[in-house]
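Have a look at the structure below, then the notes.
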Amino acid sequence: MALLEEKVTTKAEQVTAFQSGNEMAAFAAAQINYHIMGYFPITPSTEIAQLLDQMKARGEHDIQLIPADGEHGSAGICYGASVMGARVFNATSANGLMYMLEQLPVQSGTRFPMVMNLVTRSISGPLDIRGDHSDLYFSLNTGWVILTARTPQAVYDLNIMALKIAEHEDVRLPVIVAYDGFFTSHQKRKVQYFKDRKVVQAFVGERPTHFPNAADPRKPITIGAHMNGDDLINNHYQQSEALYRAGDVFKQVAREYALLSGREYPVLDLYQMDDAEVALFLINSAAETAKDVVDKLRAKGIKVGVISPNIIRPFPSEEIRKALKNVKALLVGERADSYGANGANMTHEIKSALQEDPDNRTIVLSRVFGLGGKDFYADDAEAFFNLAIEAMEKGYAEKPFDYFGHVPGRPENKLKQAIEPMHGDAFKTGLIQVTQDEETKRLKVKIPPLRALTAKPKRIASGHGACPGCGIFPGLELFFKGIEGDVVVLFHTGCAYVVTTAYPYSSHKQTMIHNLFQNGPATLSGSVEAFLELKRRREIDVSDDVTFVMVTGDGGMDIGMGSAIGTALRNHKLIILEYDNEGYMNTGSQMSYSTPMGHMTSTTGVGKTQRGKAFHHKDTPQIMAATNIPYVFTGTEAFPQDLIKKAAKAKWYAKHEGTVYGKLLITCPLNWKSEERYGEKIMKAAVDSCFFPLYEVERGKTTITYDPEEKNKRIPLSEWLKYMGKAKHLLKEENRDLLEEFEQEVERRWRRLKVMHEHPYL
């Protein structure tokens, strides 16, 4: 229920602490105690799910945290929960928002409330994980209410206000709380929060139950029925009116919250604007930097001020007109561009608002700044003020729109190539022979002693930034030993990509393409087909002995599963190679669907209420084998001859028949909490325990290529688990039942594999 002003006589008790924006977002969610959070990790919003998982392990909230296969899936989970009438929470950033973008208008267009934190970050490409507002601006047309938070304190407060606004009977719309990635999300500041979660829950009120939802079979409803234009325009009109009403509801909720907390959130945060002649308009954290410069210039007698909105959807046009009534020059700083529009979104919305005031003569300048997390210092804010002051004095803006902080390149600083390009014969040894048996049609591979292949150049140069003991590159390089000739490699986002391509440097000796997690296989399939078509038309004159390899990992066969299956079904002539480190390591060791049952990650914590990952790992090789591609295999650096032979087969099949999928188990000492020196030993134990069996599926026939039972080398699963800190809790007596369930599943998969090995039609 709403807290009425006349009933509030004292502020609720609060605790002072030093916390980051992400911590405050998670804390607000935990105090509200949402029903559901569907999530997928993406920097810098990932921390919110991690923090909530830690709280869940300690029994501090009851939120069901559901790990999705990608942000599109997380948005679907949230929508599905909200149509049931549940209270729903999510968090994302950058390309995560873009991936779920088509789902957002469905949420708002069907009028189901929820709250999502958008920890703003630069949208690829090129990839940059730091903060700007390019993702925020894409959300402007989704029909969501959008609140903007300058500080960690505002993140907490606006998250509490957001749910109350979303569920208000005059609104019934989802709400975004946006704050700056790494600036606000990770920097700790002095904050206050309510000591008793009951205060927060009383302020938000009881969950509304009088609106239609899908939870009661006695009251069936149809959600999202197809509409024609006559009905759709009415639907959108009602949604539009609700979004405008959200502006008034925001003011009402802000007044109530101020009485409870002592903190005020007007529509516009106006700093020294009463008599300002020159002002800056800045969203979120940059406004706090500019306020210090206002004080400096005011001391010199210069009348300047800062405007920063607390809400940008609905856009506060009336408040903007009032704030700029006597301002002679305004500079709008934007951490994103609307390419080709001579200014980004806020610039044009402010200009549009001022058009409604025929007496306004404010000169508006627009500057794009701070992209990709580029810092905004006090000197930069002062430069902005000087540009506005110059326009005021001249009576016009000499350059209304420009970028700020960009610099021209200097030819003398051009980097020199460190390694001469290598191709063709440089990567051919002539020592690997692949022949096809005429009767069985099976491939026979002959490889030389491993020492004979050491002279073959590595595909990836030294100097990359991988962690000590990382298993990715030993595994990849060993695989590439079995590939003769040139390669074109696509790395999707992940550890292997990030540590080898920090602009302007690259560790790749041959062509490397990057695309996002969810679309790598489709991208490379386009590259393969274009290459073959250009060759067919004789428009390029290069050797056709090129192997196309897509390297995936860090959960890429979760979010990218659909693209991989589509590529496999089309049977393009390429190799999909997965390095499996059992988590999303590039974003901080979150749970992957390949994470084994019971293993600890940053989103499957171990505590009094949970014991690591709650379900079994995905059997990706079997999924890919079901697409009927010609060749599927598993491998690891602990068995080098086996892996090199499979690489040679993979090249042959990709060259002659179609898609190949291979899975390499590799170590991640940092997140497995294992010793670097034990990498090969851990991999061998994974195979000898039958957790990671070595086999191949060649034209549908399964062959186990190493059987630890036959060789009398099988070991208990516990012998593998003991090497890794992420799994040691499974060896404790109180977790015996969990270990036994894990052992039973490993045994079931192994026995099934042996039967498939014995019977070619299985």
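Residues in the structure tokens are numbered from 1 in each chain, the chains being A, B, ... in the order shown, and ligands are numbered from 1 in the order shown.
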
Near region 496-510 of chain A, counting only C-alpha atoms, which residues have an atom at most 9 Å away, once you skip same-chain residues fewer than 4 positions from it, shown as a PyMOL selection string? chain A and resi 415+419-423+458-467+472-473+486-489+491-492+514+551-554+586

Just the helix (DSSP H, G or I) stuff from region 626-718 of chain A, please, per backbone DSSP, written as an NGL selection string. :A and (640-656 or 669-672 or 676-688 or 717-718)

Go ahead and compute the interatomic distance for CA of Lys649 (chain A) and CA of Gln436 (chain A), in Å to one decimal.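 Interatomic distance here is 10.1 Å.
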
List every residue of region 438-555 of chain A that DSSP, applied to the backbone of this structure, assigns to strand (DSSP E), and report them as a list in words.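 Taking region 438-555 of chain A and keeping strand (DSSP E) gives Leu443, Lys444, Val445, Lys446, Asp486, Val487, Val488, Val489, Leu490, Phe491, His492, Met512, Ile513, His514, Asn515, Val546, Thr547, Phe548, Val549, Met550, Val551, Thr552 and Gly553 of chain A.
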
Contact residues around region 164-172 of chain A with only C-alpha atoms at 6 Å, ignoring same-chain residues under 4 positions, as a PyMOL selection string: chain A and resi 111+113+204+242+246
